[in-house]
>>> print(open('run_5.cif').read())   # mmCIF, C-alpha atoms and all ligand atoms
data_upload
loop_
_atom_site.label_atom_id
_atom_site.label_comp_id
_atom_site.auth_asym_id
_atom_site.auth_seq_id
_atom_site.Cartn_x
_atom_site.Cartn_y
_atom_site.Cartn_z
CA MET Z 1 55.72 23.09 32.15
CA SER Z 2 52.76 23.86 29.92
CA ALA Z 3 52.26 21.43 27.07
CA GLN Z 4 52.47 22.35 23.41
CA LEU Z 5 49.02 22.20 21.86
CA LEU Z 6 48.52 19.74 18.99
CA ASP Z 7 46.02 21.86 17.08
CA GLY Z 8 43.60 19.75 15.02
CA LYS Z 9 42.09 22.82 13.39
CA ILE Z 10 45.42 23.90 11.91
CA MET Z 11 46.54 20.40 10.91
CA ALA Z 12 43.16 19.57 9.34
CA ALA Z 13 43.16 22.85 7.40
CA GLU Z 14 46.60 21.99 5.98
CA LEU Z 15 45.35 18.57 4.94
CA GLU Z 16 42.26 20.08 3.33
CA GLU Z 17 44.43 22.35 1.19
CA GLN Z 18 46.23 19.30 -0.20
CA LEU Z 19 42.95 17.44 -0.65
CA LYS Z 20 41.46 20.32 -2.64
CA ASN Z 21 44.28 19.93 -5.17
CA ARG Z 22 43.73 16.18 -5.40
CA VAL Z 23 39.98 16.70 -5.93
CA GLU Z 24 40.73 19.28 -8.65
CA ALA Z 25 43.09 16.84 -10.38
CA LEU Z 26 40.39 14.15 -10.33
CA LYS Z 27 37.77 16.57 -11.69
CA GLU Z 28 40.10 17.50 -14.56
CA LYS Z 29 40.06 13.81 -15.44
CA GLY Z 30 36.25 13.83 -15.35
CA LEU Z 31 35.76 12.20 -11.96
CA THR Z 32 34.12 13.79 -8.92
CA PRO Z 33 34.73 11.87 -5.68
CA GLY Z 34 31.45 10.83 -4.06
CA LEU Z 35 30.63 9.86 -0.47
CA THR Z 36 27.41 8.28 0.79
CA VAL Z 37 26.71 8.60 4.51
CA ILE Z 38 23.95 6.44 5.96
CA LEU Z 39 22.47 7.71 9.21
CA VAL Z 40 19.82 5.60 10.92
CA GLY Z 41 17.81 7.09 13.78
CA ASP Z 42 18.01 10.42 15.55
CA ASP Z 43 20.99 10.25 17.90
CA PRO Z 44 21.92 13.94 18.34
CA ALA Z 45 25.71 13.38 18.44
CA SER Z 46 25.54 11.33 15.23
CA GLN Z 47 23.49 14.09 13.57
CA THR Z 48 26.23 16.60 14.42
CA TYR Z 49 29.01 14.33 13.13
CA VAL Z 50 27.13 13.67 9.89
CA SER Z 51 26.45 17.34 9.32
CA ASN Z 52 30.17 18.10 9.86
CA LYS Z 53 31.02 15.46 7.26
CA GLU Z 54 28.60 17.06 4.77
CA LYS Z 55 30.19 20.47 5.35
CA ALA Z 56 33.69 19.08 4.80
CA CYS Z 57 32.59 17.50 1.50
CA ALA Z 58 31.13 20.83 0.40
CA ARG Z 59 34.37 22.69 1.24
CA LEU Z 60 36.42 20.24 -0.82
CA GLY Z 61 34.10 19.80 -3.79
CA ILE Z 62 33.32 16.17 -2.94
CA HIS Z 63 29.85 14.99 -3.93
CA SER Z 64 28.00 13.99 -0.76
CA ASP Z 65 24.80 12.08 -0.49
CA THR Z 66 23.37 11.61 3.02
CA LEU Z 67 20.66 9.04 3.56
CA ARG Z 68 18.71 9.78 6.73
CA MET Z 69 16.72 6.67 7.67
CA PRO Z 70 14.13 6.45 10.48
CA PRO Z 71 14.89 4.69 13.81
CA GLU Z 72 12.58 1.79 12.88
CA THR Z 73 14.57 0.98 9.72
CA THR Z 74 14.91 -2.78 9.26
CA GLN Z 75 18.15 -4.68 8.62
CA GLU Z 76 16.88 -5.48 5.11
CA GLN Z 77 16.22 -1.80 4.33
CA LEU Z 78 19.65 -0.80 5.59
CA GLU Z 79 21.37 -3.55 3.62
CA ALA Z 80 19.45 -2.61 0.46
CA GLU Z 81 20.84 0.93 0.69
CA ILE Z 82 24.39 -0.35 1.21
CA LEU Z 83 24.08 -2.60 -1.85
CA ARG Z 84 22.67 0.29 -3.88
CA ALA Z 85 25.65 2.50 -2.95
CA ASN Z 86 28.06 -0.39 -3.67
CA ALA Z 87 26.66 -0.54 -7.22
CA ASP Z 88 26.68 3.23 -7.82
CA PRO Z 89 29.76 4.23 -9.87
CA ALA Z 90 29.42 7.87 -8.71
CA ILE Z 91 29.99 6.76 -5.10
CA HIS Z 92 33.55 5.96 -4.00
CA GLY Z 93 33.05 5.95 -0.25
CA ILE Z 94 30.29 4.55 1.97
CA LEU Z 95 29.99 5.31 5.67
CA VAL Z 96 27.37 3.87 7.99
CA GLN Z 97 27.27 6.16 11.01
CA LEU Z 98 27.64 4.26 14.29
CA PRO Z 99 26.13 3.45 16.68
CA LEU Z 100 23.17 1.94 14.86
CA PRO Z 101 19.88 1.42 16.74
CA ARG Z 102 20.15 -1.69 18.91
CA HIS Z 103 17.89 -3.88 16.77
CA LEU Z 104 20.31 -3.61 13.83
CA ASP Z 105 23.37 -5.83 13.32
CA SER Z 106 26.21 -3.42 12.57
CA ASP Z 107 28.87 -6.10 11.96
CA ARG Z 108 26.70 -7.65 9.28
CA ALA Z 109 25.93 -4.28 7.69
CA LEU Z 110 29.58 -3.16 7.67
CA SER Z 111 30.72 -6.43 6.11
CA LEU Z 112 28.43 -5.77 3.13
CA ILE Z 113 30.21 -2.55 2.15
CA LEU Z 114 32.68 -3.18 -0.67
CA PRO Z 115 36.12 -3.08 1.01
CA GLU Z 116 37.36 -0.55 -1.56
CA LYS Z 117 34.44 1.76 -0.69
CA ASP Z 118 34.82 1.24 3.07
CA VAL Z 119 36.21 4.71 3.86
CA ASP Z 120 35.80 4.05 7.60
CA GLY Z 121 38.20 1.09 7.46
CA PHE Z 122 35.73 -0.96 9.52
CA HIS Z 123 35.25 -3.85 7.06
CA ASP Z 124 36.68 -7.20 8.22
CA ILE Z 125 39.06 -7.16 5.26
CA ASN Z 126 40.47 -3.71 6.02
CA ALA Z 127 40.68 -4.43 9.77
CA GLY Z 128 42.37 -7.77 9.02
CA ARG Z 129 44.82 -6.24 6.55
CA LEU Z 130 45.75 -3.57 9.10
CA SER Z 131 46.53 -6.27 11.65
CA ARG Z 132 48.83 -7.92 9.09
CA GLY Z 133 50.58 -4.64 8.25
CA MET Z 134 49.22 -4.74 4.69
CA ASP Z 135 48.03 -1.86 2.52
CA CYS Z 136 44.42 -1.05 3.55
CA VAL Z 137 41.91 1.65 4.38
CA VAL Z 138 42.74 2.81 7.92
CA ALA Z 139 40.03 3.94 10.36
CA CYS Z 140 39.83 7.74 10.37
CA THR Z 141 40.24 8.59 14.06
CA PRO Z 142 43.39 6.54 14.75
CA LYS Z 143 44.80 7.57 11.38
CA GLY Z 144 44.22 11.22 12.33
CA ALA Z 145 45.76 10.75 15.78
CA LEU Z 146 48.88 9.17 14.26
CA HIS Z 147 49.10 12.01 11.75
CA MET Z 148 49.12 14.52 14.63
CA LEU Z 149 52.00 12.72 16.37
CA LYS Z 150 54.01 12.55 13.15
CA THR Z 151 53.30 16.14 12.08
CA ALA Z 152 54.52 17.37 15.47
CA GLY Z 153 57.69 15.29 15.05
CA ILE Z 154 57.02 13.25 18.19
CA PRO Z 155 59.22 10.15 18.21
CA ILE Z 156 57.27 6.86 18.26
CA ALA Z 157 59.77 4.07 17.53
CA GLY Z 158 61.05 2.47 20.73
CA LYS Z 159 58.68 4.56 22.89
CA GLU Z 160 56.13 3.29 25.38
CA ALA Z 161 52.63 3.86 24.00
CA VAL Z 162 49.56 3.18 26.11
CA VAL Z 163 46.09 3.12 24.57
CA ILE Z 164 43.13 3.24 26.95
CA GLY Z 165 40.15 1.65 25.20
CA ARG Z 166 39.87 -1.43 22.99
CA SER Z 167 37.07 -0.49 20.59
CA ASN Z 168 37.14 -1.61 16.97
CA ILE Z 169 36.75 2.04 15.93
CA VAL Z 170 39.67 3.53 17.86
CA GLY Z 171 41.53 1.48 20.47
CA LYS Z 172 42.42 -1.62 18.47
CA PRO Z 173 43.41 0.12 15.20
CA MET Z 174 45.31 2.79 17.17
CA ALA Z 175 47.32 0.10 18.94
CA LEU Z 176 48.09 -1.59 15.61
CA LEU Z 177 49.22 1.67 13.99
CA LEU Z 178 51.54 2.47 16.91
CA LEU Z 179 52.90 -1.06 16.77
CA GLN Z 180 53.59 -0.61 13.07
CA GLU Z 181 55.55 2.51 13.99
CA ASN Z 182 57.65 0.34 16.32
CA ALA Z 183 56.31 1.62 19.63
CA THR Z 184 55.98 -0.79 22.56
CA VAL Z 185 52.22 -0.84 22.91
CA THR Z 186 50.00 -1.60 25.89
CA VAL Z 187 46.22 -1.67 25.50
CA CYS Z 188 44.28 -0.94 28.71
CA HIS Z 189 40.54 -1.28 29.23
CA SER Z 190 37.78 -1.36 31.81
CA ARG Z 191 39.11 -4.59 33.35
CA THR Z 192 42.75 -3.49 33.56
CA ALA Z 193 44.10 -3.83 37.10
CA ASP Z 194 45.89 -0.68 38.29
CA LEU Z 195 45.41 1.39 35.16
CA ALA Z 196 47.54 4.28 36.43
CA GLU Z 197 50.55 2.00 36.80
CA HIS Z 198 50.43 1.49 33.03
CA THR Z 199 49.54 5.04 31.99
CA ARG Z 200 52.36 6.55 34.09
CA ARG Z 201 54.88 4.67 31.92
CA ALA Z 202 53.48 6.10 28.68
CA ASP Z 203 55.55 8.39 26.47
CA ILE Z 204 52.47 8.44 24.23
CA LEU Z 205 49.10 8.15 25.95
CA VAL Z 206 45.93 7.77 23.89
CA ALA Z 207 42.64 8.14 25.78
CA ALA Z 208 39.63 6.59 24.04
CA ILE Z 209 37.38 5.67 26.93
CA GLY Z 210 34.30 7.85 26.64
CA LYS Z 211 34.39 9.14 30.22
CA PRO Z 212 34.75 12.87 30.77
CA ARG Z 213 38.11 14.01 32.27
CA PHE Z 214 38.93 10.40 33.26
CA VAL Z 215 42.70 10.80 32.79
CA THR Z 216 44.01 12.92 35.64
CA ALA Z 217 47.46 14.49 36.03
CA ASP Z 218 48.66 11.81 38.47
CA MET Z 219 48.14 9.20 35.71
CA VAL Z 220 50.45 10.98 33.24
CA LYS Z 221 54.22 10.83 32.89
CA GLU Z 222 56.09 14.16 32.89
CA GLY Z 223 56.78 15.10 29.24
CA ALA Z 224 54.30 12.65 27.67
CA ALA Z 225 52.34 13.25 24.47
CA VAL Z 226 48.65 12.96 25.37
CA ILE Z 227 46.10 12.30 22.62
CA ASP Z 228 42.51 12.78 23.74
CA VAL Z 229 40.00 10.97 21.54
CA GLY Z 230 37.02 11.53 23.85
CA ILE Z 231 34.09 13.76 22.96
CA ASN Z 232 31.81 14.11 25.98
CA ARG Z 233 29.14 16.64 26.77
CA VAL Z 234 29.09 17.93 30.36
CA ASP Z 235 26.60 20.66 31.28
CA GLY Z 236 26.17 21.42 27.58
CA LYS Z 237 29.93 21.86 27.03
CA LEU Z 238 32.26 19.52 25.15
CA CYS Z 239 35.16 17.96 26.99
CA GLY Z 240 37.51 15.07 26.37
CA ASP Z 241 38.54 11.98 28.31
CA VAL Z 242 41.50 13.93 29.72
CA ASP Z 243 41.45 16.50 32.51
CA PHE Z 244 42.97 19.04 30.12
CA ASP Z 245 43.73 21.92 32.51
CA ALA Z 246 45.69 19.75 34.96
CA VAL Z 247 47.31 17.38 32.44
CA LYS Z 248 48.62 20.19 30.21
CA GLU Z 249 50.90 21.25 33.08
CA LYS Z 250 52.57 17.84 33.07
CA ALA Z 251 52.52 16.69 29.44
CA ALA Z 252 54.84 17.96 26.69
CA TYR Z 253 52.11 17.73 24.01
CA ILE Z 254 48.34 17.58 24.33
CA THR Z 255 45.32 17.65 22.00
CA PRO Z 256 42.39 19.91 22.95
CA VAL Z 257 38.69 18.98 22.84
CA PRO Z 258 37.10 20.41 20.77
CA GLY Z 259 39.61 21.30 18.05
CA GLY Z 260 41.82 18.23 18.38
CA VAL Z 261 41.43 14.68 17.12
CA GLY Z 262 37.80 15.24 16.03
CA LYS Z 263 38.89 17.66 13.31
CA MET Z 264 41.44 15.11 12.10
CA THR Z 265 38.82 12.33 11.93
CA ILE Z 266 36.87 14.32 9.37
CA ALA Z 267 39.99 15.28 7.41
CA MET Z 268 41.00 11.60 7.26
CA LEU Z 269 37.52 10.59 6.11
CA MET Z 270 37.94 13.07 3.25
CA ASP Z 271 41.43 11.67 2.58
CA ASN Z 272 40.12 8.10 2.47
CA THR Z 273 37.29 9.17 0.13
CA VAL Z 274 39.63 10.97 -2.27
CA SER Z 275 42.03 7.99 -2.18
CA ALA Z 276 39.15 5.62 -2.99
CA ALA Z 277 38.22 7.81 -5.97
CA GLU Z 278 41.86 7.94 -7.14
CA LYS Z 279 42.04 4.14 -6.99
CA ALA Z 280 38.73 3.84 -8.89
CA LEU Z 281 40.21 6.00 -11.65
N1 LIG Z 301 30.73 6.91 15.30
C1 LIG Z 301 31.71 7.47 16.04
N2 LIG Z 301 32.85 7.56 15.33
C2 LIG Z 301 32.58 7.05 14.12
C3 LIG Z 301 33.37 6.88 12.94
O1 LIG Z 301 34.57 7.21 12.87
N3 LIG Z 301 32.72 6.33 11.88
C4 LIG Z 301 31.42 5.95 11.94
N4 LIG Z 301 30.89 5.40 10.87
N5 LIG Z 301 30.67 6.09 13.01
C5 LIG Z 301 31.26 6.64 14.09
#
>>> encode(input="run_5.cif", output="C-alpha cells")
Amino acid sequence: MSAQLLDGKIMAAELEEQLKNRVEALKEKGLTPGLTVILVGDDPASQTYVSNKEKACARLGIHSDTLRMPPETTQEQLEAEILRANADPAIHGILVQLPLPRHLDSDRALSLILPEKDVDGFHDINAGRLSRGMDCVVACTPKGALHMLKTAGIPIAGKEAVVIGRSNIVGKPMALLLLQENATVTVCHSRTADLAEHTRRADILVAAIGKPRFVTADMVKEGAAVIDVGINRVDGKLCGDVDFDAVKEKAAYITPVPGGVGKMTIAMLMDNTVSAAEKAL
C-alpha cells in the first residue's frame, strides 16, 4: 500500500483563502490585524521561519512588524520590547521566536506577553487552559497537525494515538489536543523503554523528536496515520523525523517534509493572529 499524502500546501492554501475574507471583514470595520515577531540572534533556521511568517502576513494583508535583535540582547531589552508590543493597540499578536540565545530566560519572557496577544499559545495561562479543556490560544504546530487529521476525515475518538516528543511547543499540547478528541494517548520520549512497542500500536503516530528519519517502517502499524513534525537538514536537504520513503508503503496517511505540518504551522499562526484581532474588536 502507498499512503495518501496529507498535503500541507493545499490545506494551508484553503485556510488562507478563508483568512483573507476574515481580514477583509476586519478592515471594513477599520481594523488591520497586526503581528509583532521578535527574533533574537542569528540562528539560520529561525531566520527562515521568521521570513516565512512575514511573507504569509503580506499575502493575507496582515500588518507585520519584525524586530531583529542582536545575539547579545539582554533580558531587560527583550522584555522592554515585549511590554512595548503589549501596549501597542495596532498589534494583536506577539511571537518571540524560539530558541532564544542561552543567556536569555524564555519562560520569563513568554510569561510577559499578554495572554490575549500570545498567538503562539505558549503563555502559562494558555497552556494551562488547554490542559483544562478551556477556550484558549492553541500552539500553532499541534493545532495545524490536528487540522490535517480532521480535514482528511481520519477518525480520532477511541483510537490509539502515540506522540513521540514531550516539548512544550509540540509534544505536550499535541497530546492534550488528541486527548480532547477522545483518543487514547501515549506520550513517548528519549527515556521511553522499548519505543517501538508503543509506536507499533499507534493508529495515529505523531513524530516530534528532531532526529532525521528516526521513525522507520518497522515502528509503524499497517494503515496508521503518520504526522511528521520534524524539520531536519541533512546534506543541505530538508527531511522529517520519519523515514518517508519506507513508511509511506506501510501507513494509510502520511505528511511530507517539506510541504506538510510546517505549512500548517504558519497558517495557524495567521489564524491565531486574525482571531486575536477579531476578539480585540
Ligand atoms: N521555534 C520553533 N517552532 C516555533 C514556534 O511554533 N513558535 C516560536 N515562537 N518559535 C518556534
>>> closest_residue(input="run_5.cif", among="Z:Asp43, Z:Asp194, Z:Glu249, Z:Asp124", to="ligand LIG 301 (chain Z)", atoms="all atoms listed in the file")
Z:Asp43
>>> residues_around(input="run_5.cif", residues="region 233-235 of chain Z", least_positions_apart="2", cutoff="12 Å", atoms="all atoms listed in the file", output="ChimeraX atom specification")
/Z:44-45,210-213,230-231,237-241,257-258
>>> residues_around(input="run_5.cif", residues="region 10-19 of chain Z", least_positions_apart="3", cutoff="9 Å", atoms="all atoms listed in the file", output="number ranges by chain")
Z: 6-7, 22-24, 56, 59-60, 144, 147-148, 151, 259, 263-268, 270-271, 274
>>> closest_residue(input="run_5.cif", among="Z:Asn182, Z:Ser131, Z:Thr192, Z:Thr273", to="Asn168 (chain Z)", atoms="all atoms listed in the file")
Z:Ser131
>>> residues_around(input="run_5.cif", residues="region 84-86 of chain Z", least_positions_apart="4", cutoff="8 Å", atoms="only C-alpha atoms", output="PyMOL selection string")
chain Z and resi 36+80+91+94+113-114+117
>>> atom_distance(input="run_5.cif", atom1="CA of Thr32 (chain Z)", atom2="CA of Asp118 (chain Z)")
17.4 Å
>>> residues_near_ligand(input="run_5.cif", ligand="ligand LIG 301 (chain Z)", cutoff="8 Å", atoms="only C-alpha atoms and all ligand atoms", output="count of residues only")
13
>>> residues_around(input="run_5.cif", residues="Val247 (chain Z)", least_positions_apart="3", cutoff="9 Å", atoms="only C-alpha atoms", output="number ranges by chain")
Z: 2-3, 215-220, 226, 242-244, 250-251, 254
>>> closest_residue(input="run_5.cif", among="Z:Gln4, Z:Ser111, Z:Gln180, Z:Ser64", to="Leu130 (chain Z)", atoms="only C-alpha atoms")
Z:Gln180
>>> atom_distance(input="run_5.cif", atom1="CA of Leu100 (chain Z)", atom2="CA of Ser275 (chain Z)")
26.1 Å
>>> atom_distance(input="run_5.cif", atom1="CA of Ile204 (chain Z)", atom2="CA of Gly158 (chain Z)")
11.0 Å
>>> residues_around(input="run_5.cif", residues="Ala157 (chain Z)", least_positions_apart="4", cutoff="8 Å", atoms="only C-alpha atoms", output="VMD selection string")
chain Z and resid 181 to 184
>>> residues_near_point(input="run_5.cif", point="(42.4, 0.3, 21.3)", cutoff="12 Å", atoms="only C-alpha atoms", output="ChimeraX atom specification")
/Z:139,141-142,161-179,185-190,205-209,229
>>> closest_residue(input="run_5.cif", among="Z:Gly236, Z:Gly121, Z:Gly34, Z:Gly8", to="Gly93 (chain Z)", atoms="all atoms listed in the file")
Z:Gly34
>>> closest_residue(input="run_5.cif", among="Z:Lys159, Z:Lys55, Z:Arg108, Z:Lys279", to="Glu76 (chain Z)", atoms="all atoms listed in the file")
Z:Arg108
